[in-house]
>>> print(open('model03.tsv').read())   # TSV, C-alpha atoms and all ligand atoms
chain	number	residue	atom	x	y	z
A	1	MET	CA	8.64	92.58	64.76
A	2	GLU	CA	6.27	89.85	63.60
A	3	LYS	CA	8.72	88.71	60.94
A	4	LYS	CA	11.46	88.37	63.54
A	5	LYS	CA	9.25	86.12	65.64
A	6	ILE	CA	8.50	83.84	62.73
A	7	VAL	CA	12.18	83.56	61.87
A	8	THR	CA	13.01	82.74	65.50
A	9	LEU	CA	10.27	80.13	65.54
A	10	MET	CA	11.52	78.59	62.32
A	11	LEU	CA	15.08	78.51	63.55
A	12	GLY	CA	13.91	76.91	66.79
A	13	THR	CA	12.08	74.21	64.87
A	14	ILE	CA	15.08	73.48	62.70
A	15	LEU	CA	17.37	73.25	65.72
A	16	LEU	CA	14.89	71.09	67.60
A	17	SER	CA	14.44	68.72	64.69
A	18	GLY	CA	18.22	68.38	64.56
A	19	VAL	CA	18.29	67.36	68.21
A	20	CYS	CA	15.39	64.96	67.71
A	21	THR	CA	17.05	63.31	64.73
A	22	GLU	CA	20.05	62.65	66.95
A	23	SER	CA	18.07	61.30	69.84
A	24	TYR	CA	16.12	58.98	67.55
A	25	GLY	CA	19.35	57.28	66.59
A	26	GLN	CA	19.80	58.82	63.18
A	27	LYS	CA	23.18	60.26	64.04
A	28	LYS	CA	25.60	60.87	61.21
A	29	HIS	CA	28.59	58.59	61.17
A	30	LEU	CA	32.17	59.05	60.09
A	31	LYS	CA	32.22	56.14	57.67
A	32	ASP	CA	29.23	57.48	55.77
A	33	ALA	CA	30.65	60.99	55.63
A	34	PHE	CA	33.95	59.76	54.18
A	35	ALA	CA	32.50	57.03	51.93
A	36	GLY	CA	33.73	57.48	48.37
A	37	LYS	CA	36.68	59.54	49.63
A	38	PHE	CA	38.82	57.21	51.73
A	39	TYR	CA	38.42	54.44	54.28
A	40	ILE	CA	38.18	55.69	57.82
A	41	GLY	CA	39.77	53.11	60.09
A	42	THR	CA	40.66	52.29	63.65
A	43	ALA	CA	43.03	49.94	65.46
A	44	LEU	CA	41.53	47.06	67.44
A	45	ASN	CA	42.90	45.87	70.77
A	46	GLN	CA	42.42	42.58	72.59
A	47	GLY	CA	39.29	43.64	74.51
A	48	GLN	CA	37.56	44.49	71.27
A	49	ILE	CA	38.74	41.47	69.33
A	50	THR	CA	37.57	39.04	72.02
A	51	GLY	CA	34.21	40.83	72.26
A	52	ARG	CA	34.68	41.86	75.92
A	53	ASP	CA	34.43	45.59	75.16
A	54	ALA	CA	30.97	45.68	73.62
A	55	ALA	CA	30.53	49.46	73.87
A	56	SER	CA	33.55	50.38	71.78
A	57	ILE	CA	32.79	47.57	69.30
A	58	GLN	CA	29.49	49.28	68.67
A	59	VAL	CA	31.41	52.44	67.72
A	60	VAL	CA	33.65	50.44	65.38
A	61	LYS	CA	30.60	49.02	63.62
A	62	GLU	CA	28.84	52.36	63.33
A	63	ASP	CA	31.64	54.76	62.53
A	64	PHE	CA	34.53	52.95	60.87
A	65	SER	CA	35.03	51.23	57.53
A	66	ALA	CA	38.49	49.74	58.14
A	67	ILE	CA	40.40	48.00	60.92
A	68	VAL	CA	44.02	47.25	61.72
A	69	ALA	CA	45.48	45.02	64.43
A	70	GLU	CA	47.01	47.15	67.21
A	71	ASN	CA	49.20	44.33	68.54
A	72	CYS	CA	47.95	40.83	67.72
A	73	MET	CA	49.75	40.44	64.38
A	74	LYS	CA	53.18	41.59	65.54
A	75	ILE	CA	55.97	39.01	65.49
A	76	GLU	CA	55.99	38.48	69.27
A	77	SER	CA	52.26	37.68	69.21
A	78	ILE	CA	52.22	35.50	66.11
A	79	GLN	CA	55.43	33.52	66.65
A	80	PRO	CA	56.60	33.94	70.28
A	81	GLN	CA	58.95	30.99	69.90
A	82	GLU	CA	60.48	29.62	66.77
A	83	GLY	CA	57.94	27.48	64.95
A	84	VAL	CA	55.23	28.07	67.60
A	85	PHE	CA	52.53	30.09	65.91
A	86	ASN	CA	49.63	31.63	67.79
A	87	PHE	CA	46.78	32.77	65.60
A	88	ASP	CA	43.96	32.86	68.16
A	89	LEU	CA	43.48	36.61	68.32
A	90	ALA	CA	44.48	37.28	64.74
A	91	ASP	CA	41.87	34.79	63.52
A	92	GLN	CA	39.16	36.50	65.57
A	93	PHE	CA	40.31	39.90	64.35
A	94	VAL	CA	40.00	38.86	60.71
A	95	GLU	CA	36.64	37.16	61.31
A	96	PHE	CA	35.29	40.32	62.95
A	97	GLY	CA	36.42	42.40	59.99
A	98	GLU	CA	34.83	40.09	57.46
A	99	LYS	CA	31.58	39.78	59.36
A	100	ASN	CA	31.24	43.54	59.46
A	101	GLY	CA	32.42	44.28	55.93
A	102	LEU	CA	35.53	46.18	57.02
A	103	PHE	CA	38.72	46.72	55.03
A	104	ILE	CA	41.34	44.71	56.93
A	105	THR	CA	44.98	45.72	57.29
A	106	GLY	CA	47.64	43.46	58.82
A	107	HIS	CA	50.23	45.15	61.03
A	108	THR	CA	53.12	44.38	60.81
A	109	LEU	CA	55.31	41.76	59.13
A	110	MET	CA	58.83	43.08	59.79
A	111	TRP	CA	59.61	45.50	62.63
A	112	HIS	CA	62.56	45.90	64.99
A	113	SER	CA	60.20	46.27	68.01
A	114	GLN	CA	57.93	43.65	69.56
A	115	VAL	CA	60.06	40.96	67.97
A	116	PRO	CA	61.35	38.15	70.19
A	117	ALA	CA	65.11	37.69	70.65
A	118	TRP	CA	65.07	34.18	69.14
A	119	PHE	CA	64.56	35.66	65.69
A	120	PHE	CA	68.19	36.78	65.52
A	121	LYS	CA	69.94	34.05	67.55
A	122	ASP	CA	71.09	30.53	66.76
A	123	SER	CA	70.93	27.65	69.24
A	124	GLN	CA	74.30	28.68	70.75
A	125	GLY	CA	73.04	32.22	71.33
A	126	ASN	CA	75.15	33.67	68.53
A	127	GLU	CA	73.84	36.03	65.88
A	128	VAL	CA	72.29	34.13	62.99
A	129	THR	CA	73.82	34.02	59.54
A	130	LYS	CA	72.25	35.80	56.58
A	131	GLU	CA	70.89	32.52	55.25
A	132	VAL	CA	69.17	31.63	58.52
A	133	LEU	CA	67.63	35.07	58.92
A	134	ILE	CA	66.28	34.99	55.36
A	135	GLU	CA	64.80	31.55	56.01
A	136	ARG	CA	63.11	32.80	59.20
A	137	MET	CA	61.76	35.90	57.52
A	138	LYS	CA	60.41	33.80	54.70
A	139	LYS	CA	58.75	31.29	57.01
A	140	HIS	CA	57.19	33.98	59.21
A	141	ILE	CA	55.89	36.12	56.37
A	142	THR	CA	54.70	33.21	54.24
A	143	THR	CA	52.88	31.50	57.10
A	144	LEU	CA	51.10	34.66	58.23
A	145	VAL	CA	50.21	36.11	54.85
A	146	THR	CA	49.09	32.76	53.43
A	147	ARG	CA	46.79	32.13	56.38
A	148	TYR	CA	44.79	35.28	55.60
A	149	LYS	CA	45.21	35.24	51.84
A	150	GLY	CA	42.45	37.19	50.11
A	151	ARG	CA	41.03	38.28	53.49
A	152	VAL	CA	43.61	40.71	54.84
A	153	LYS	CA	43.58	43.23	52.02
A	154	GLY	CA	46.81	45.05	52.80
A	155	TRP	CA	49.93	44.52	54.89
A	156	ASP	CA	52.32	46.88	56.63
A	157	VAL	CA	55.23	44.87	55.28
A	158	VAL	CA	58.06	46.84	56.85
A	159	ASN	CA	57.65	49.23	59.76
A	160	GLU	CA	60.07	52.03	60.77
A	161	ALA	CA	63.18	51.05	58.83
A	162	ILE	CA	64.35	54.60	58.13
A	163	GLU	CA	65.90	57.16	60.49
A	164	ASP	CA	65.07	60.86	60.65
A	165	ASP	CA	68.13	61.71	58.52
A	166	GLY	CA	66.97	59.36	55.77
A	167	SER	CA	69.54	56.65	56.42
A	168	TYR	CA	68.51	53.08	57.13
A	169	ARG	CA	67.87	52.26	60.77
A	170	LYS	CA	70.61	50.01	62.08
A	171	SER	CA	68.18	47.33	63.24
A	172	ARG	CA	69.22	43.74	63.58
A	173	PHE	CA	67.44	42.99	60.31
A	174	PHE	CA	69.46	45.68	58.60
A	175	ASN	CA	72.76	44.89	60.28
A	176	ILE	CA	72.59	41.30	59.12
A	177	LEU	CA	71.02	41.71	55.67
A	178	GLY	CA	71.43	45.35	54.63
A	179	GLU	CA	68.68	46.85	52.47
A	180	ASP	CA	67.98	43.37	51.10
A	181	PHE	CA	65.90	42.80	54.20
A	182	ILE	CA	63.36	45.29	52.89
A	183	LYS	CA	63.34	43.87	49.39
A	184	LEU	CA	63.00	40.31	50.64
A	185	ALA	CA	60.13	41.22	52.97
A	186	PHE	CA	58.17	42.73	50.07
A	187	GLN	CA	59.04	39.82	47.82
A	188	PHE	CA	57.95	37.13	50.32
A	189	ALA	CA	54.71	38.97	51.13
A	190	HIS	CA	53.84	39.31	47.44
A	191	GLU	CA	54.61	35.67	46.72
A	192	ALA	CA	52.34	34.58	49.58
A	193	ASP	CA	49.37	36.70	48.44
A	194	PRO	CA	49.77	38.31	45.02
A	195	SER	CA	46.48	40.17	45.42
A	196	ALA	CA	47.33	41.84	48.74
A	197	GLU	CA	48.34	45.50	48.83
A	198	LEU	CA	51.76	46.08	50.36
A	199	TYR	CA	52.79	49.11	52.41
A	200	TYR	CA	55.82	50.72	54.00
A	201	ASN	CA	54.89	52.40	57.31
A	202	ASP	CA	56.77	54.92	59.48
A	203	TYR	CA	56.53	57.85	61.94
A	204	SER	CA	57.91	61.42	61.83
A	205	MET	CA	57.14	61.42	58.14
A	206	ALA	CA	56.93	65.22	57.93
A	207	ASN	CA	60.65	65.32	58.61
A	208	PRO	CA	62.46	66.28	55.34
A	209	GLY	CA	65.28	63.78	55.98
A	210	LYS	CA	62.86	60.92	56.52
A	211	ARG	CA	60.84	62.04	53.49
A	212	LYS	CA	63.92	61.80	51.29
A	213	GLY	CA	64.89	58.40	52.67
A	214	VAL	CA	61.39	56.96	52.18
A	215	VAL	CA	61.14	58.28	48.61
A	216	ALA	CA	64.53	56.72	47.81
A	217	MET	CA	63.42	53.42	49.31
A	218	VAL	CA	60.17	53.40	47.31
A	219	LYS	CA	62.18	54.02	44.14
A	220	MET	CA	64.64	51.31	45.07
A	221	LEU	CA	61.79	48.79	45.48
A	222	LYS	CA	60.14	49.83	42.24
A	223	GLU	CA	63.42	49.63	40.33
A	224	ALA	CA	63.88	46.12	41.68
A	225	GLY	CA	60.46	45.27	40.18
A	226	LEU	CA	58.83	44.77	43.57
A	227	ARG	CA	55.25	45.64	44.47
A	228	ILE	CA	54.63	48.53	46.86
A	229	ASP	CA	51.17	50.10	46.86
A	230	ALA	CA	51.29	52.76	49.53
A	231	VAL	CA	53.33	54.58	52.10
A	232	GLY	CA	51.75	54.69	55.54
A	233	MET	CA	52.26	57.87	57.54
A	234	GLN	CA	51.67	56.94	61.17
A	235	CYS	CA	50.69	60.48	62.24
A	236	HIS	CA	51.29	60.35	66.01
A	237	ILE	CA	51.13	64.11	66.29
A	238	GLY	CA	50.92	66.89	68.88
A	239	LEU	CA	49.28	70.29	69.22
A	240	ASP	CA	52.30	72.13	67.85
A	241	TYR	CA	54.13	69.58	65.71
A	242	PRO	CA	54.64	68.63	62.96
A	243	SER	CA	54.10	71.57	60.63
A	244	LEU	CA	51.22	71.11	58.23
A	245	THR	CA	53.33	72.39	55.37
A	246	GLU	CA	56.03	69.80	55.95
A	247	PHE	CA	53.45	67.06	56.40
A	248	GLU	CA	51.80	67.98	53.12
A	249	ALA	CA	55.18	68.15	51.37
A	250	SER	CA	55.77	64.54	52.41
A	251	MET	CA	52.32	63.44	51.22
A	252	GLU	CA	53.06	65.06	47.86
A	253	ALA	CA	56.53	63.54	47.64
A	254	PHE	CA	55.25	60.02	48.31
A	255	ALA	CA	52.43	60.38	45.79
A	256	ALA	CA	54.93	61.68	43.24
A	257	ALA	CA	57.04	58.57	43.81
A	258	GLY	CA	54.13	56.56	42.45
A	259	VAL	CA	52.40	55.18	45.55
A	260	LYS	CA	49.18	55.90	47.41
A	261	VAL	CA	49.31	57.56	50.82
A	262	MET	CA	47.66	56.25	53.96
A	263	ILE	CA	47.37	57.85	57.35
A	264	THR	CA	47.80	54.76	59.44
A	265	GLU	CA	47.98	55.47	63.19
A	266	MET	CA	46.62	58.94	63.81
A	267	ASP	CA	46.41	60.26	67.35
A	268	LEU	CA	46.88	63.79	68.64
A	269	THR	CA	48.39	64.12	72.10
A	270	VAL	CA	47.39	67.20	74.11
A	271	LEU	CA	50.17	66.55	76.63
A	272	PRO	CA	53.67	67.98	76.76
A	273	MET	CA	56.13	65.87	74.79
A	274	PRO	CA	59.39	65.56	76.76
A	275	ASN	CA	61.33	65.24	73.53
A	276	GLN	CA	59.85	65.43	70.04
A	277	ARG	CA	62.81	63.75	68.46
A	278	VAL	CA	61.64	60.36	69.69
A	279	GLY	CA	58.93	60.47	67.00
A	280	ALA	CA	56.86	57.44	67.93
A	281	ASP	CA	59.74	55.23	69.05
A	282	VAL	CA	57.93	52.73	71.30
A	283	SER	CA	61.08	52.17	73.38
A	284	ALA	CA	61.17	55.81	74.56
A	285	ASN	CA	60.31	56.16	78.24
A	286	PHE	CA	60.61	59.37	80.24
A	287	GLU	CA	60.21	59.72	83.98
A	288	TYR	CA	56.77	60.80	85.22
A	289	GLN	CA	56.51	64.33	86.60
A	290	LYS	CA	53.22	65.79	87.81
A	291	LYS	CA	53.58	68.90	85.64
A	292	GLN	CA	53.63	66.66	82.59
A	293	ASN	CA	50.16	65.39	83.41
A	294	PRO	CA	48.16	68.63	83.52
A	295	TYR	CA	44.70	67.41	82.47
A	296	ALA	CA	44.07	64.47	84.77
A	297	GLU	CA	40.79	66.11	85.86
A	298	GLY	CA	39.59	67.05	82.39
A	299	LEU	CA	40.57	68.95	79.28
A	300	PRO	CA	40.15	72.76	79.40
A	301	ASP	CA	38.05	74.27	76.60
A	302	SER	CA	40.99	76.38	75.46
A	303	VAL	CA	43.11	73.28	74.82
A	304	ASN	CA	40.19	71.46	73.25
A	305	ALA	CA	39.82	74.32	70.78
A	306	ILE	CA	43.42	73.83	69.62
A	307	PHE	CA	42.85	70.06	69.52
A	308	GLU	CA	39.84	70.50	67.25
A	309	LYS	CA	41.62	72.93	64.97
A	310	ARG	CA	44.53	70.53	64.56
A	311	TYR	CA	42.29	67.57	63.70
A	312	SER	CA	40.38	69.72	61.31
A	313	ASP	CA	43.52	71.09	59.65
A	314	PHE	CA	44.92	67.61	59.13
A	315	PHE	CA	41.63	66.28	57.77
A	316	GLY	CA	41.62	69.31	55.47
A	317	LEU	CA	44.85	67.97	53.98
A	318	PHE	CA	43.49	64.46	53.67
A	319	LEU	CA	40.36	65.72	51.91
A	320	LYS	CA	42.36	67.97	49.64
A	321	HIS	CA	44.46	65.01	48.53
A	322	GLN	CA	41.73	62.40	48.48
A	323	ASP	CA	42.79	61.39	44.95
A	324	TYR	CA	45.76	59.57	46.46
A	325	VAL	CA	44.83	59.25	50.15
A	326	THR	CA	43.12	55.86	50.36
A	327	ARG	CA	42.73	55.36	54.13
A	328	VAL	CA	42.83	57.42	57.30
A	329	THR	CA	43.08	55.29	60.43
A	330	VAL	CA	43.08	56.47	64.05
A	331	TRP	CA	45.06	54.47	66.57
A	332	GLY	CA	42.20	53.27	68.76
A	333	VAL	CA	38.55	54.10	69.32
A	334	ASN	CA	38.38	55.98	72.62
A	335	ASP	CA	40.74	58.09	74.72
A	336	GLY	CA	40.82	55.57	77.57
A	337	MET	CA	42.36	52.85	75.43
A	338	SER	CA	45.00	54.97	73.71
A	339	TRP	CA	48.64	53.92	74.07
A	340	ARG	CA	49.40	57.63	74.51
A	341	ASN	CA	48.23	57.48	78.14
A	342	GLY	CA	51.33	55.37	78.73
A	343	TRP	CA	53.83	56.58	76.13
A	344	PRO	CA	56.36	58.17	76.24
A	345	VAL	CA	55.59	58.82	79.92
A	346	ARG	CA	53.66	56.24	81.92
A	347	GLY	CA	50.54	57.05	83.91
A	348	ARG	CA	49.23	60.21	82.25
A	349	THR	CA	45.73	61.12	81.10
A	350	ASP	CA	45.61	61.97	77.43
A	351	TYR	CA	42.78	62.84	75.02
A	352	PRO	CA	44.17	61.98	71.57
A	353	LEU	CA	41.27	60.26	69.81
A	354	LEU	CA	37.80	61.01	68.41
A	355	PHE	CA	35.63	59.32	71.07
A	356	ASP	CA	35.74	60.03	74.80
A	357	ARG	CA	36.26	57.53	77.61
A	358	ALA	CA	32.54	56.71	77.60
A	359	ASN	CA	32.63	56.01	73.83
A	360	LYS	CA	30.68	59.19	73.07
A	361	PRO	CA	31.69	61.03	69.92
A	362	LYS	CA	33.55	64.22	70.81
A	363	PRO	CA	32.27	67.42	69.16
A	364	ILE	CA	35.13	67.12	66.66
A	365	VAL	CA	33.42	64.08	65.11
A	366	ASN	CA	30.47	66.11	63.87
A	367	LYS	CA	32.79	68.84	62.73
A	368	LEU	CA	34.77	66.36	60.61
A	369	ILE	CA	31.54	64.96	59.20
A	370	GLN	CA	30.47	68.47	58.28
A	371	GLN	CA	33.90	69.21	56.83
A	372	ALA	CA	33.65	66.15	54.58
A	373	ALA	CA	30.19	67.21	53.40
A	374	ASN	CA	31.29	70.80	52.72
A	375	TYR	CA	34.30	69.57	50.83
A	376	SER	CA	32.17	67.63	48.36
A	377	LYS	CA	29.99	70.66	47.79
A	378	LYS	CA	32.92	72.86	46.98
A	379	LYS	CA	34.45	70.45	44.48
B	1	LIG	C1	51.89	50.38	70.03
B	1	LIG	C2	50.61	49.84	70.67
B	1	LIG	O1	49.59	50.80	70.54
B	1	LIG	C3	50.86	49.53	72.12
B	1	LIG	O2	49.73	48.87	72.69
B	1	LIG	C4	52.10	48.65	72.28
B	1	LIG	O3	52.40	48.47	73.64
B	1	LIG	C5	53.30	49.26	71.58
B	1	LIG	O4	52.99	49.53	70.22
B	1	LIG	N1	54.06	52.58	65.97
B	1	LIG	C6	53.51	51.41	65.57
B	1	LIG	C7	52.54	50.71	66.45
B	1	LIG	O5	53.72	50.99	64.43
B	1	LIG	O6	52.59	49.31	66.31
B	1	LIG	C8	52.73	51.09	67.89
B	1	LIG	O7	51.67	50.51	68.64
B	1	LIG	C9	52.77	52.59	68.06
B	1	LIG	C10	53.89	53.18	67.26
>>> encode(input="model03.tsv", output="structure tokens")
Amino acid sequence: MEKKKIVTLMLGTILLSGVCTESYGQKKHLKDAFAGKFYIGTALNQGQITGRDAASIQVVKEDFSAIVAENCMKIESIQPQEGVFNFDLADQFVEFGEKNGLFITGHTLMWHSQVPAWFFKDSQGNEVTKEVLIERMKKHITTLVTRYKGRVKGWDVVNEAIEDDGSYRKSRFFNILGEDFIKLAFQFAHEADPSAELYYNDYSMANPGKRKGVVAMVKMLKEAGLRIDAVGMQCHIGLDYPSLTEFEASMEAFAAAGVKVMITEMDLTVLPMPNQRVGADVSANFEYQKKQNPYAEGLPDSVNAIFEKRYSDFFGLFLKHQDYVTRVTVWGVNDGMSWRNGWPVRGRTDYPLLFDRANKPKPIVNKLIQQAANYSKKK
């Protein structure tokens, strides 16, 4: 009897001291838990870059060791008109990263979305020739990469150039230049900053067709003597897709092709996906229906349990393969700012990230921290 009391008392003290540690500001943070394993990153939006959103900036400083530009380095932001460059936000983004000792990734040099129409048209409105497109690519890439030489440590050089079946996407870049567009993009980026890491980035990477296409492309670049350091797996996932086994098979295949693997845009929607085949195609847009927005008033515990298991399962893979996983980045800090509230259906309430709408860590954060700690012990 007496023994039992003492044990209860001891347990109580331990629990209480845990709570006190938290309330005295000695919380554990993601970046410390994953230090020495891989960078843990987040995407920054305009409110954060300009300093308006002080609360979520605090989370970035405390919990993350890497940042990527959510929008401000895309072609439409950097060069909205030919020869008119706008570096205001991008400059502030890079300064913020440097000031806070964060690993900075630039996103993205060549992408078929968020690119202005002028890029592919001549002054008569006709499609540009190969020579003109190459010149424009070179000028855009060289100007941007040179500006942040030695400061932006890695670039998403080409984004989403491969279809689910492994063939090249018939983008305007591809239609005009063929696969040379990919080679040239990597070449120009490397020439502008020989020390920068260079990445290929895409979604639906668990798909076997896409896996095959990406591996072939990596080999093609390597055979051409071009630098490619890593493949970025965006990881815009759901509660029941993709399969962990297929995702891991892709991680393994990319590593076997001789590159590092990065998880570059992770978010986990809890909402119904009208059509999974859209991957993370930003142009997809389905009509709003009330039944597709079931958690506007809050997330039920039962769904949250699946959410936590999924995050934990995926982080299990990242930890298991930490020898070649160099960065895991989530696509935003808190649920309120996630693009998934508006894509692929506008006006829904989603819960895809690690911090809630008030910038409080969700319970999953501590679980991931614990998972990282347990993993080291086991090894
Ligand atoms: C998204 C941004 O989060 C949105 O704010 C923007 O309106 C559209 O693009 N794949 C990518 C990212 O590579 O650049 C996209 O980001 C999400 C899908």
>>> residues_near_point(input="model03.tsv", point="(49.8, 35.9, 54.8)", cutoff="12 Å", atoms="all atoms listed in the file", output="MDAnalysis selection string")
chainID A and resid 73 78 87 90:91 94 105:109 138:157 185:186 188:198
>>> residues_around(input="model03.tsv", residues="A:Tyr168", least_positions_apart="2", cutoff="10 Å", atoms="only C-alpha atoms", output="compact mmCIF listing (two decimals) with C-alpha atoms, keeping the file's coordinate frame")
# COMPACT_ATOMS: atom_id res chain seq x y z
CA GLU A 160 60.07 52.03 60.77
CA ALA A 161 63.18 51.05 58.83
CA ILE A 162 64.35 54.60 58.13
CA GLU A 163 65.90 57.16 60.49
CA ASP A 164 65.07 60.86 60.65
CA ASP A 165 68.13 61.71 58.52
CA GLY A 166 66.97 59.36 55.77
CA LYS A 170 70.61 50.01 62.08
CA SER A 171 68.18 47.33 63.24
CA PHE A 174 69.46 45.68 58.60
CA ASN A 175 72.76 44.89 60.28
CA GLY A 178 71.43 45.35 54.63
CA GLU A 179 68.68 46.85 52.47
CA LYS A 210 62.86 60.92 56.52
CA GLY A 213 64.89 58.40 52.67
CA VAL A 214 61.39 56.96 52.18
CA MET A 217 63.42 53.42 49.31
>>> closest_residue(input="model03.tsv", among="A:Arg169, A:Lys130, A:Lys260, A:Lys121", to="A:Tyr200", atoms="all atoms listed in the file")
A:Lys260
>>> closest_atom_pairs(input="model03.tsv", of="chain A", to="ligand LIG 1 (chain B)", cutoff="6 Å", atoms="all atoms listed in the file", output="CSV")
residue,atom,partner,partner_atom,distance
A:Glu70,CA,B:LIG1,O1,5.6
A:Ala280,CA,B:LIG1,C10,5.2
A:Val282,CA,B:LIG1,C10,5.7
A:Trp339,CA,B:LIG1,O1,4.8
>>> residues_near_point(input="model03.tsv", point="(48.7, 64.6, 64.4)", cutoff="6 Å", atoms="only C-alpha atoms", output="PyMOL selection string")
chain A and resi 235-238+267-268
>>> residues_around(input="model03.tsv", residues="A:Phe120", least_positions_apart="3", cutoff="12 Å", atoms="only C-alpha atoms", output="short mmCIF file (atom, residue, chain, number, x, y, z; two decimals) with C-alpha atoms, in the frame of the given file")
data_model
loop_
_atom_site.label_atom_id
_atom_site.label_comp_id
_atom_site.auth_asym_id
_atom_site.auth_seq_id
_atom_site.Cartn_x
_atom_site.Cartn_y
_atom_site.Cartn_z
CA GLN A 81 58.95 30.99 69.90
CA GLU A 82 60.48 29.62 66.77
CA HIS A 112 62.56 45.90 64.99
CA VAL A 115 60.06 40.96 67.97
CA PRO A 116 61.35 38.15 70.19
CA ALA A 117 65.11 37.69 70.65
CA SER A 123 70.93 27.65 69.24
CA GLN A 124 74.30 28.68 70.75
CA GLY A 125 73.04 32.22 71.33
CA ASN A 126 75.15 33.67 68.53
CA GLU A 127 73.84 36.03 65.88
CA VAL A 128 72.29 34.13 62.99
CA THR A 129 73.82 34.02 59.54
CA LYS A 130 72.25 35.80 56.58
CA GLU A 131 70.89 32.52 55.25
CA VAL A 132 69.17 31.63 58.52
CA LEU A 133 67.63 35.07 58.92
CA ILE A 134 66.28 34.99 55.36
CA GLU A 135 64.80 31.55 56.01
CA ARG A 136 63.11 32.80 59.20
CA MET A 137 61.76 35.90 57.52
CA SER A 171 68.18 47.33 63.24
CA ARG A 172 69.22 43.74 63.58
CA PHE A 173 67.44 42.99 60.31
CA PHE A 174 69.46 45.68 58.60
CA ASN A 175 72.76 44.89 60.28
CA ILE A 176 72.59 41.30 59.12
CA LEU A 177 71.02 41.71 55.67
#
>>> decode(input="model03.tsv", residues="stretch 282-296 of chain A", atoms="N, CA and C atoms", output="tab-separated table (two decimals), in the first residue's frame")
chain	number	residue	atom	x	y	z
A	282	VAL	N	-1.28	22.72	-59.57
A	282	VAL	CA	-1.86	23.95	-59.02
A	282	VAL	C	-3.02	24.48	-59.87
A	283	SER	N	-3.15	24.02	-61.12
A	283	SER	CA	-4.24	24.53	-61.95
A	283	SER	C	-5.55	23.77	-61.72
A	284	ALA	N	-5.51	22.69	-60.95
A	284	ALA	CA	-6.75	21.93	-60.68
A	284	ALA	C	-7.69	22.78	-59.83
A	285	ASN	N	-8.98	22.72	-60.14
A	285	ASN	CA	-9.95	23.52	-59.38
A	285	ASN	C	-11.31	22.85	-59.48
A	286	PHE	N	-11.77	22.28	-58.38
A	286	PHE	CA	-13.06	21.59	-58.37
A	286	PHE	C	-14.08	22.46	-57.66
A	287	GLU	N	-15.33	22.27	-58.07
A	287	GLU	CA	-16.41	23.08	-57.50
A	287	GLU	C	-16.61	22.77	-56.02
A	288	TYR	N	-16.89	23.81	-55.24
A	288	TYR	CA	-17.12	23.62	-53.79
A	288	TYR	C	-18.45	22.93	-53.54
A	289	GLN	N	-18.44	21.92	-52.69
A	289	GLN	CA	-19.68	21.30	-52.21
A	289	GLN	C	-19.52	21.18	-50.70
A	290	LYS	N	-20.63	21.43	-49.98
A	290	LYS	CA	-20.55	21.46	-48.52
A	290	LYS	C	-19.99	20.14	-47.96
A	291	LYS	N	-20.38	19.03	-48.56
A	291	LYS	CA	-19.92	17.75	-48.01
A	291	LYS	C	-18.40	17.55	-48.16
A	292	GLN	N	-17.81	18.36	-48.99
A	292	GLN	CA	-16.35	18.26	-49.13
A	292	GLN	C	-15.61	19.15	-48.13
A	293	ASN	N	-16.38	19.77	-47.25
A	293	ASN	CA	-15.75	20.63	-46.23
A	293	ASN	C	-16.27	20.23	-44.85
A	294	PRO	N	-15.99	19.00	-44.44
A	294	PRO	CA	-16.65	18.45	-43.25
A	294	PRO	C	-16.15	18.97	-41.90
A	295	TYR	N	-14.98	19.61	-41.85
A	295	TYR	CA	-14.41	19.93	-40.53
A	295	TYR	C	-14.27	21.43	-40.30
A	296	ALA	N	-15.22	22.19	-40.87
A	296	ALA	CA	-15.14	23.64	-40.71
A	296	ALA	C	-15.20	24.06	-39.24
